[in-house]
file entry-v3.cif (mmCIF, C-alpha atoms)
data_final
loop_
_atom_site.group_PDB
_atom_site.id
_atom_site.type_symbol
_atom_site.label_atom_id
_atom_site.label_comp_id
_atom_site.auth_asym_id
_atom_site.auth_seq_id
_atom_site.Cartn_x
_atom_site.Cartn_y
_atom_site.Cartn_z
ATOM 1 C CA MET A 174 18.115 6.204 8.060
ATOM 2 C CA LEU A 175 15.523 5.057 10.524
ATOM 3 C CA GLY A 176 16.058 2.067 12.735
ATOM 4 C CA VAL A 177 14.103 -1.164 12.940
ATOM 5 C CA GLY A 178 10.555 -0.515 14.033
ATOM 6 C CA ALA A 179 10.076 2.577 11.887
ATOM 7 C CA LEU A 180 7.708 2.469 8.943
ATOM 8 C CA SER A 181 8.946 2.617 5.372
ATOM 9 C CA LEU A 182 6.714 2.880 2.288
ATOM 10 C CA LEU A 183 6.935 3.563 -1.423
ATOM 11 C CA ALA A 184 4.621 3.349 -4.427
ATOM 12 C CA SER A 185 4.319 3.852 -8.177
ATOM 13 C CA LEU A 186 1.245 5.126 -9.934
ATOM 14 C CA ALA A 187 -0.698 3.205 -12.527
ATOM 15 C CA VAL A 188 1.020 2.425 -15.794
ATOM 16 C CA PRO A 189 -0.913 2.991 -19.036
ATOM 17 C CA SER A 190 -1.873 0.327 -21.508
ATOM 18 C CA LYS A 191 0.571 -1.714 -23.541
ATOM 19 C CA PRO A 192 -0.010 -4.237 -26.299
ATOM 20 C CA PRO A 193 -0.797 -7.810 -25.149
ATOM 21 C CA GLY A 194 2.295 -9.774 -24.245
ATOM 22 C CA ASP A 195 4.581 -6.763 -24.188
ATOM 23 C CA ALA A 196 7.772 -7.411 -22.283
ATOM 24 C CA GLY A 197 7.324 -4.556 -19.809
ATOM 25 C CA PRO A 198 5.678 -1.255 -18.929
ATOM 26 C CA SER A 199 6.433 2.033 -20.605
ATOM 27 C CA ALA A 200 7.493 3.493 -17.280
ATOM 28 C CA THR A 201 8.433 1.867 -14.018
ATOM 29 C CA GLY A 202 8.559 2.677 -10.347
ATOM 30 C CA LYS A 203 11.803 0.957 -9.376
ATOM 31 C CA LEU A 204 13.101 2.669 -6.248
ATOM 32 C CA THR A 205 15.485 1.985 -3.415
ATOM 33 C CA SER A 206 14.158 2.385 0.098
ATOM 34 C CA VAL A 207 16.110 4.950 2.077
ATOM 35 C CA SER A 208 13.740 6.120 4.795
ATOM 36 C CA ALA A 209 10.268 5.994 6.238
ATOM 37 C CA HIS A 210 7.089 6.711 4.285
ATOM 38 C CA GLU A 211 8.841 6.751 0.934
ATOM 39 C CA HIS A 212 6.796 7.542 -2.151
ATOM 40 C CA SER A 213 7.340 7.788 -5.878
ATOM 41 C CA SER A 214 5.040 8.644 -8.709
ATOM 42 C CA ILE A 215 4.857 8.602 -12.484
ATOM 43 C CA ASP A 216 2.494 10.652 -14.543
ATOM 44 C CA GLY A 217 0.680 7.608 -15.942
ATOM 45 C CA SER A 218 0.936 8.780 -19.527
ATOM 46 C CA SER A 219 4.036 8.029 -21.515
ATOM 47 C CA SER A 220 4.803 7.145 -25.089
ATOM 48 C CA GLY A 221 7.764 6.267 -27.221
ATOM 49 C CA ALA A 222 10.997 5.402 -25.407
ATOM 50 C CA PRO A 223 10.787 4.300 -21.771
ATOM 51 C CA GLN A 224 10.781 7.179 -19.330
ATOM 52 C CA PRO A 225 12.316 6.994 -15.839
ATOM 53 C CA ALA A 226 9.976 7.392 -12.908
ATOM 54 C CA PRO A 227 10.594 10.535 -10.852
ATOM 55 C CA THR A 228 11.289 9.785 -7.236
ATOM 56 C CA SER A 229 10.785 11.528 -3.940
ATOM 57 C CA THR A 230 11.725 10.719 -0.400
ATOM 58 C CA THR A 231 9.874 11.409 2.803
ATOM 59 C CA VAL A 232 11.270 11.599 6.291
ATOM 60 C CA PRO A 233 8.659 11.612 9.088
ATOM 61 C CA PRO A 234 9.193 13.187 12.490
ATOM 62 C CA ALA A 235 11.348 10.999 14.699
ATOM 63 C CA THR A 236 9.354 8.609 16.864
ATOM 64 C CA PRO A 237 10.536 6.090 19.452
ATOM 65 C CA ALA A 238 11.222 2.634 18.030
ATOM 66 C CA ARG A 239 8.403 0.299 18.971
ATOM 67 C CA PRO A 240 9.307 -2.980 20.694
ATOM 68 C CA PRO A 241 8.564 -6.284 18.969
ATOM 69 C CA ALA A 242 5.153 -7.656 19.885
ATOM 70 C CA PRO A 243 4.892 -11.445 20.197
ATOM 71 C CA ALA A 244 2.074 -13.235 18.446
ATOM 72 C CA ARG A 245 -1.188 -13.009 20.351
ATOM 73 C CA ALA A 246 0.223 -10.244 22.532
ATOM 74 C CA PRO A 247 -2.067 -8.842 25.231
ATOM 75 C CA SER A 248 -3.779 -5.564 24.575
ATOM 76 C CA SER A 249 -1.602 -2.511 25.171
ATOM 77 C CA SER A 250 -2.305 1.175 25.440
ATOM 78 C CA THR A 251 -1.948 3.396 22.405
ATOM 79 C CA VAL A 252 0.095 6.565 22.090
ATOM 80 C CA PRO A 253 -1.333 9.049 19.542
ATOM 81 C CA ARG A 254 1.086 10.597 17.083
ATOM 82 C CA PRO A 255 1.784 14.341 17.479
ATOM 83 C CA ALA A 256 -0.682 16.569 15.670
ATOM 84 C CA ALA A 257 -0.128 16.890 11.930
ATOM 85 C CA PRO A 258 1.268 20.190 10.648
ATOM 86 C CA SER A 259 -1.003 22.830 9.176
ATOM 87 C CA GLN A 260 -2.567 21.872 5.877
ATOM 88 C CA PRO A 261 -1.779 23.738 2.655
ATOM 89 C CA THR A 262 -4.413 26.089 1.335
ATOM 90 C CA THR A 263 -4.180 24.626 -2.153
ATOM 91 C CA ALA A 264 -6.571 21.716 -2.580
ATOM 92 C CA PRO A 265 -4.792 18.454 -3.442
ATOM 93 C CA GLU A 266 -5.264 16.761 -6.761
ATOM 94 C CA THR A 267 -8.057 14.222 -6.510
ATOM 95 C CA HIS A 268 -8.955 11.066 -8.355
ATOM 96 C CA PRO A 269 -12.277 9.227 -8.056
ATOM 97 C CA PRO A 270 -13.107 7.956 -5.505
ATOM 98 C CA GLN A 271 -12.196 11.322 -4.013
ATOM 99 C CA ASN A 272 -9.138 11.407 -1.806
ATOM 100 C CA PRO A 273 -9.367 12.796 1.739
ATOM 101 C CA PRO A 274 -8.789 16.560 1.922
ATOM 102 C CA ALA A 275 -6.017 16.033 4.481
ATOM 103 C CA ASP A 276 -3.792 13.336 5.850
ATOM 104 C CA ILE A 277 -5.282 11.342 8.737
ATOM 105 C CA ALA A 278 -2.960 10.344 11.567
ATOM 106 C CA PRO A 279 -3.844 6.902 12.954
ATOM 107 C CA GLN A 280 -6.217 7.135 15.902
ATOM 108 C CA PRO A 281 -5.719 4.983 17.875
ATOM 109 C CA ASN A 282 -2.034 4.696 17.079
ATOM 110 C CA PHE A 283 -1.640 1.015 16.218
ATOM 111 C CA LEU A 284 2.147 1.316 16.080
ATOM 112 C CA ALA A 285 2.055 0.933 19.857
ATOM 113 C CA SER A 286 0.148 -2.353 19.585
ATOM 114 C CA CYS A 287 1.776 -3.988 16.558
ATOM 115 C CA SER A 288 5.273 -5.303 16.016
ATOM 116 C CA GLY A 289 7.344 -3.717 13.297
ATOM 117 C CA SER A 290 10.011 -6.407 13.387
ATOM 118 C CA GLN A 291 7.947 -9.541 12.734
ATOM 119 C CA TYR A 292 4.598 -10.651 11.377
ATOM 120 C CA ASP A 293 2.004 -9.736 13.985
ATOM 121 C CA ASP A 294 -1.550 -11.000 13.649
ATOM 122 C CA SER A 295 -2.274 -10.656 17.366
ATOM 123 C CA SER A 296 -5.748 -9.617 18.437
ATOM 124 C CA ALA A 297 -4.336 -6.394 19.902
ATOM 125 C CA CYS A 298 -2.666 -5.414 16.627
ATOM 126 C CA VAL A 299 -5.608 -6.319 14.415
ATOM 127 C CA SER A 300 -8.284 -4.718 16.592
ATOM 128 C CA THR A 301 -6.342 -1.486 17.086
ATOM 129 C CA THR A 302 -5.562 -1.133 13.388
ATOM 130 C CA LEU A 303 -9.185 -1.836 12.476
ATOM 131 C CA ALA A 304 -10.241 0.888 14.942
ATOM 132 C CA ALA A 305 -7.904 3.366 13.216
ATOM 133 C CA ILE A 306 -9.255 2.354 9.807
ATOM 134 C CA ALA A 307 -12.825 2.788 11.071
ATOM 135 C CA ASN A 308 -11.976 6.268 12.357
ATOM 136 C CA ALA A 309 -10.482 7.252 9.003
ATOM 137 C CA ARG A 310 -13.339 5.722 7.014
ATOM 138 C CA GLN A 311 -15.919 7.587 9.075
ATOM 139 C CA ARG A 312 -14.653 10.816 7.566
ATOM 140 C CA GLU A 313 -15.707 9.499 4.164
ATOM 141 C CA GLY A 314 -19.106 8.436 5.454
ATOM 142 C CA LEU A 315 -18.095 4.774 5.274
ATOM 143 C CA GLY A 316 -18.620 2.040 7.816
ATOM 144 C CA PRO A 317 -15.827 0.074 9.483
ATOM 145 C CA MET A 318 -13.872 -2.661 7.740
ATOM 146 C CA THR A 319 -15.215 -6.122 8.558
ATOM 147 C CA LEU A 320 -12.760 -8.953 8.121
ATOM 148 C CA PRO A 321 -13.953 -12.354 6.878
ATOM 149 C CA GLY A 322 -14.384 -15.117 9.427
ATOM 150 C CA ASN A 323 -11.412 -17.032 8.060
ATOM 151 C CA TRP A 324 -8.994 -14.091 8.388
ATOM 152 C CA GLY A 325 -6.832 -15.817 10.973
ATOM 153 C CA SER A 326 -6.316 -18.857 8.735
ATOM 154 C CA LEU A 327 -5.182 -16.833 5.729
ATOM 155 C CA SER A 328 -1.527 -16.390 4.831
ATOM 156 C CA PRO A 329 -0.028 -12.877 5.125
ATOM 157 C CA GLN A 330 -0.168 -12.577 1.328
ATOM 158 C CA GLN A 331 -3.820 -13.622 1.217
ATOM 159 C CA GLN A 332 -4.650 -11.157 3.992
ATOM 160 C CA LEU A 333 -3.121 -8.326 1.960
ATOM 161 C CA PHE A 334 -5.214 -9.356 -1.046
ATOM 162 C CA VAL A 335 -8.421 -9.480 1.001
ATOM 163 C CA ALA A 336 -7.788 -6.153 2.752
ATOM 164 C CA THR A 337 -7.069 -4.404 -0.543
ATOM 165 C CA ASN A 338 -10.317 -5.718 -2.020
ATOM 166 C CA LEU A 339 -12.240 -4.633 1.085
ATOM 167 C CA GLU A 340 -11.060 -1.061 0.569
ATOM 168 C CA ARG A 341 -12.042 -1.206 -3.081
ATOM 169 C CA SER A 342 -15.502 -2.693 -2.548
ATOM 170 C CA ALA A 343 -16.288 -0.177 0.218
ATOM 171 C CA ARG A 344 -16.054 2.530 -2.441
ATOM 172 C CA GLY A 345 -18.027 0.742 -5.137
ATOM 173 C CA LEU A 346 -15.010 -0.479 -7.084
ATOM 174 C CA GLY A 347 -14.850 -3.966 -8.484
ATOM 175 C CA ALA A 348 -12.936 -6.510 -6.460
ATOM 176 C CA LEU A 349 -9.981 -8.146 -8.145
ATOM 177 C CA SER A 350 -10.934 -11.708 -8.984
ATOM 178 C CA GLY A 351 -7.970 -13.484 -7.447
ATOM 179 C CA MET A 352 -4.250 -13.765 -6.905
ATOM 180 C CA ALA A 353 -2.443 -14.641 -10.126
ATOM 181 C CA SER A 354 0.488 -17.002 -9.651
ATOM 182 C CA ALA A 355 2.769 -15.084 -12.015
ATOM 183 C CA LEU A 356 1.990 -11.793 -10.272
ATOM 184 C CA ASP A 357 2.537 -13.331 -6.837
ATOM 185 C CA GLN A 358 6.023 -14.313 -7.943
ATOM 186 C CA ALA A 359 6.676 -10.784 -9.193
ATOM 187 C CA ALA A 360 5.326 -9.243 -5.987
ATOM 188 C CA THR A 361 7.436 -11.568 -3.854
ATOM 189 C CA ALA A 362 10.501 -10.544 -5.836
ATOM 190 C CA GLY A 363 9.577 -6.898 -5.211
ATOM 191 C CA ALA A 364 9.182 -7.523 -1.492
ATOM 192 C CA ALA A 365 12.538 -9.310 -1.391
ATOM 193 C CA ALA A 366 14.169 -6.340 -3.137
ATOM 194 C CA ASN A 367 12.258 -3.695 -1.111
ATOM 195 C CA ALA A 368 10.954 -2.227 -4.344
ATOM 196 C CA ASP A 369 7.769 -1.804 -6.323
ATOM 197 C CA PRO A 370 7.004 -4.912 -8.361
ATOM 198 C CA SER A 371 5.963 -4.849 -12.007
ATOM 199 C CA PRO A 372 4.267 -7.381 -14.285
ATOM 200 C CA PRO A 373 6.704 -10.042 -15.461
ATOM 201 C CA PRO A 374 7.826 -10.188 -19.101
ATOM 202 C CA GLY A 375 5.150 -11.659 -21.316
ATOM 203 C CA PHE A 376 2.264 -10.893 -18.950
ATOM 204 C CA GLY A 377 -0.172 -8.891 -21.082
ATOM 205 C CA PHE A 378 -1.812 -5.951 -19.332
ATOM 206 C CA VAL A 379 -4.003 -2.933 -19.960
ATOM 207 C CA GLN A 380 -2.819 -1.053 -16.893
ATOM 208 C CA TRP A 381 -1.279 -1.740 -13.495
ATOM 209 C CA GLY A 382 -0.255 -0.165 -10.205
ATOM 210 C CA ALA A 383 2.032 -1.325 -7.383
ATOM 211 C CA ASN A 384 2.772 -0.556 -3.719
ATOM 212 C CA TRP A 385 5.527 -1.563 -1.318
ATOM 213 C CA ALA A 386 5.835 -1.286 2.468
ATOM 214 C CA GLY A 387 8.474 -2.295 4.985
ATOM 215 C CA ALA A 388 8.849 -2.594 8.763
ATOM 216 C CA VAL A 389 5.156 -3.163 9.421
ATOM 217 C CA GLY A 390 4.073 -6.471 10.898
ATOM 218 C CA ASN A 391 0.490 -6.698 9.617
ATOM 219 C CA PRO A 392 -0.950 -5.986 6.173
ATOM 220 C CA LEU A 393 -3.699 -3.858 7.725
ATOM 221 C CA GLU A 394 -1.007 -1.426 8.857
ATOM 222 C CA ALA A 395 0.308 -1.145 5.308
ATOM 223 C CA ILE A 396 -3.246 -0.618 4.046
ATOM 224 C CA TYR A 397 -3.788 2.184 6.566
ATOM 225 C CA PHE A 398 -0.701 4.115 5.559
ATOM 226 C CA TRP A 399 -1.350 3.563 1.852
ATOM 227 C CA MET A 400 -4.971 4.711 2.138
ATOM 228 C CA TYR A 401 -5.069 7.355 4.857
ATOM 229 C CA ASP A 402 -1.587 8.601 5.757
ATOM 230 C CA ASP A 403 -0.376 9.474 2.278
ATOM 231 C CA GLY A 404 -1.507 13.030 1.547
ATOM 232 C CA PRO A 405 -1.214 16.647 2.699
ATOM 233 C CA GLY A 406 0.086 16.767 6.237
ATOM 234 C CA SER A 407 1.862 13.434 5.961
ATOM 235 C CA SER A 408 5.595 12.934 5.634
ATOM 236 C CA ASN A 409 5.369 12.752 1.843
ATOM 237 C CA LEU A 410 7.855 15.341 0.590
ATOM 238 C CA ASP A 411 6.381 15.023 -2.891
ATOM 239 C CA CYS A 412 3.025 16.240 -1.568
ATOM 240 C CA THR A 413 3.174 19.977 -0.946
ATOM 241 C CA ALA A 414 1.009 23.023 -1.595
ATOM 242 C CA GLY A 415 3.058 23.754 -4.693
ATOM 243 C CA HIS A 416 3.334 20.195 -5.915
ATOM 244 C CA THR A 417 0.264 18.063 -5.290
ATOM 245 C CA SER A 418 0.690 15.461 -8.041
ATOM 246 C CA GLY A 419 2.604 13.194 -5.677
ATOM 247 C CA CYS A 420 -0.147 13.141 -3.061
ATOM 248 C CA TRP A 421 -2.086 9.949 -2.404
ATOM 249 C CA GLY A 422 -0.018 7.808 -4.777
ATOM 250 C CA HIS A 423 -0.458 4.644 -2.708
ATOM 251 C CA ARG A 424 -4.187 5.230 -2.321
ATOM 252 C CA ASP A 425 -4.611 5.781 -6.047
ATOM 253 C CA ASN A 426 -3.046 2.363 -6.622
ATOM 254 C CA VAL A 427 -5.247 0.548 -4.100
ATOM 255 C CA LEU A 428 -8.261 2.215 -5.745
ATOM 256 C CA LEU A 429 -6.967 1.787 -9.288
ATOM 257 C CA GLN A 430 -9.750 2.378 -11.814
ATOM 258 C CA ILE A 431 -9.863 -1.065 -13.407
ATOM 259 C CA ALA A 432 -12.760 -3.350 -14.207
ATOM 260 C CA GLY A 433 -13.407 -6.679 -15.865
ATOM 261 C CA GLN A 434 -13.009 -10.374 -15.259
ATOM 262 C CA ASN A 435 -9.276 -10.253 -15.964
ATOM 263 C CA CYS A 436 -8.478 -7.881 -13.094
ATOM 264 C CA VAL A 437 -6.077 -9.745 -10.816
ATOM 265 C CA MET A 438 -3.554 -9.104 -8.089
ATOM 266 C CA GLY A 439 -0.189 -10.361 -6.953
ATOM 267 C CA THR A 440 0.957 -10.025 -3.361
ATOM 268 C CA GLY A 441 4.328 -10.647 -1.772
ATOM 269 C CA TYR A 442 5.591 -10.953 1.786
ATOM 270 C CA VAL A 443 9.150 -11.587 2.958
ATOM 271 C CA ALA A 444 9.609 -11.840 6.722
ATOM 272 C CA ASP A 445 13.031 -10.199 7.023
ATOM 273 C CA ALA A 446 13.816 -8.426 3.740
ATOM 274 C CA TYR A 447 13.738 -4.850 5.046
ATOM 275 C CA ARG A 448 16.650 -4.619 7.491
ATOM 276 C CA GLY A 449 15.524 -7.844 9.105
ATOM 277 C CA THR A 450 11.869 -6.765 9.274
ATOM 278 C CA PRO A 451 8.807 -7.637 7.164
ATOM 279 C CA SER A 452 8.541 -6.421 3.581
ATOM 280 C CA TRP A 453 5.225 -6.308 1.677
ATOM 281 C CA ALA A 454 4.336 -5.680 -1.960
ATOM 282 C CA GLU A 455 1.200 -5.732 -4.060
ATOM 283 C CA LEU A 456 0.595 -5.535 -7.783
ATOM 284 C CA LEU A 457 -2.854 -4.719 -9.205
ATOM 285 C CA VAL A 458 -3.246 -5.539 -12.894
ATOM 286 C CA GLN A 459 -5.948 -5.335 -15.526
ATOM 287 C CA ALA A 460 -4.750 -8.205 -17.685
ATOM 288 C CA THR A 461 -5.424 -8.719 -21.375
ATOM 289 C CA GLY A 462 -6.591 -12.284 -20.804
ATOM 290 C CA PRO A 463 -7.177 -14.972 -18.193
ATOM 291 C CA ALA A 464 -4.325 -15.772 -15.824
ATOM 292 C CA PRO A 465 -3.869 -18.878 -13.622
ATOM 293 C CA LEU A 466 -4.989 -18.105 -10.075
ATOM 294 C CA ASP A 467 -3.772 -19.576 -6.793
ATOM 295 C CA PHE A 468 -6.279 -17.895 -4.471
ATOM 296 C CA THR A 469 -9.757 -16.371 -4.650
ATOM 297 C CA SER A 470 -11.894 -15.084 -1.824
#

call {"tool": "encode", "arguments": {"input": "entry-v3.cif", "output": "structure tokens"}}
result
Amino acid sequence: MLGVGALSLLASLAVPSKPPGDAGPSATGKLTSVSAHEHSSIDGSSSGAPQPAPTSTTVPPATPARPPAPARAPSSSTVPRPAAPSQPTTAPETHPPQNPPADIAPQPNFLASCSGSQYDDSSACVSTTLAAIANARQREGLGPMTLPGNWGSLSPQQQLFVATNLERSARGLGALSGMASALDQAATAGAAANADPSPPPGFGFVQWGANWAGAVGNPLEAIYFWMYDDGPGSSNLDCTAGHTSGCWGHRDNVLLQIAGQNCVMGTGYVADAYRGTPSWAELLVQATGPAPLDFTS
């Protein structure tokens, strides 16, 4: 077990289509958090009786616990993470948009500028995390992430929604139209339970994907680890040269291949659910029909 201040993540891959109004998915990604950078995956194609989702656990190299950073903390120096281990010679499984060929350690290391024990939207945290995202995006030939002018007035849940859409639109994927109230409730329940959320009973869907993160104070941190620190060379024990199907599971969910006016999201944030630290969850759904929204950007 890692102490407060260490990162903890898990995800489930997209779930295939079900009839409208079905009570639940054909496979789920319900997991219990046990350590940092946790991941799970399901094969995305199941039929007949429900199938349990295989799980895997990752344990990153030990790093010093970062101290809490008060809101609007002054800028602090960054401490790069040790170099990633050698990459496997077997190319990882890819899904369009193509995944990075190797894991990208955050440069600069925003963990030194952001609190892991409380919500941290300080200028130091945001600017350092955006710099790391820009560095990682550059390797894909993409420009930096530009936050909307009203970022600071958004709730943590709304910020997670906006950041997820920014990653999608940067790669030519359709933005999700808004935050659906029913999915927000499901995502909040997932965050409270430190587990992947799933569409609630009766919510008709074509497909969906979900992510969870704990002990990170800003949604941009969660986005970074989901998008760029999730593949070969990361702490994902389900992502090895001999078993690449578990690589980039979080990223595949953020960039879920869905389109249409009924593509919506639910986001959840609980300030102290993960061992007294923030817990985040998101649920991306291609719904079978319109859903009441509580936020659009």

call {"tool": "resolve_selection", "arguments": {"input": "entry-v3.cif", "expression": "the PyMOL selection byres ((chain A and resi 433) around 12)", "output": "PyMOL selection string"}}
result
chain A and resi 346-350+379+430-432+434-437+458-463

call {"tool": "resolve_selection", "arguments": {"input": "entry-v3.cif", "expression": "the PyMOL selection byres ((chain A and resi 307) around 12)", "output": "list of chain:residue names"}}
result
A:Ile277, A:Pro279, A:Gln280, A:Pro281, A:Ser300, A:Thr301, A:Thr302, A:Leu303, A:Ala304, A:Ala305, A:Ile306, A:Asn308, A:Ala309, A:Arg310, A:Gln311, A:Arg312, A:Glu313, A:Gly314, A:Leu315, A:Gly316, A:Pro317, A:Met318, A:Thr319, A:Glu340, A:Ala343, A:Leu393, A:Tyr397, A:Tyr401

call {"tool": "residues_around", "arguments": {"input": "entry-v3.cif", "residues": "His423 of chain A", "least_positions_apart": "3", "cutoff": "7 Å", "atoms": "only C-alpha atoms", "output": "number ranges by chain"}}
result
A: 184, 384, 399-400, 403, 426-427

call {"tool": "closest_residue", "arguments": {"input": "entry-v3.cif", "among": "A:Ser470, A:Gln330, A:Gln271, A:Ser286", "to": "Ala360 of chain A", "atoms": "only C-alpha atoms"}}
result
A:Gln330

call {"tool": "closest_residue", "arguments": {"input": "entry-v3.cif", "among": "A:Thr337, A:Gln358, A:Asn323, A:Asn282", "to": "Leu466 of chain A", "atoms": "all atoms listed in the file"}}
result
A:Gln358

call {"tool": "closest_residue", "arguments": {"input": "entry-v3.cif", "among": "A:Leu284, A:Ala275, A:Val335, A:Leu457", "to": "Ser371 of chain A", "atoms": "all atoms listed in the file"}}
result
A:Leu457
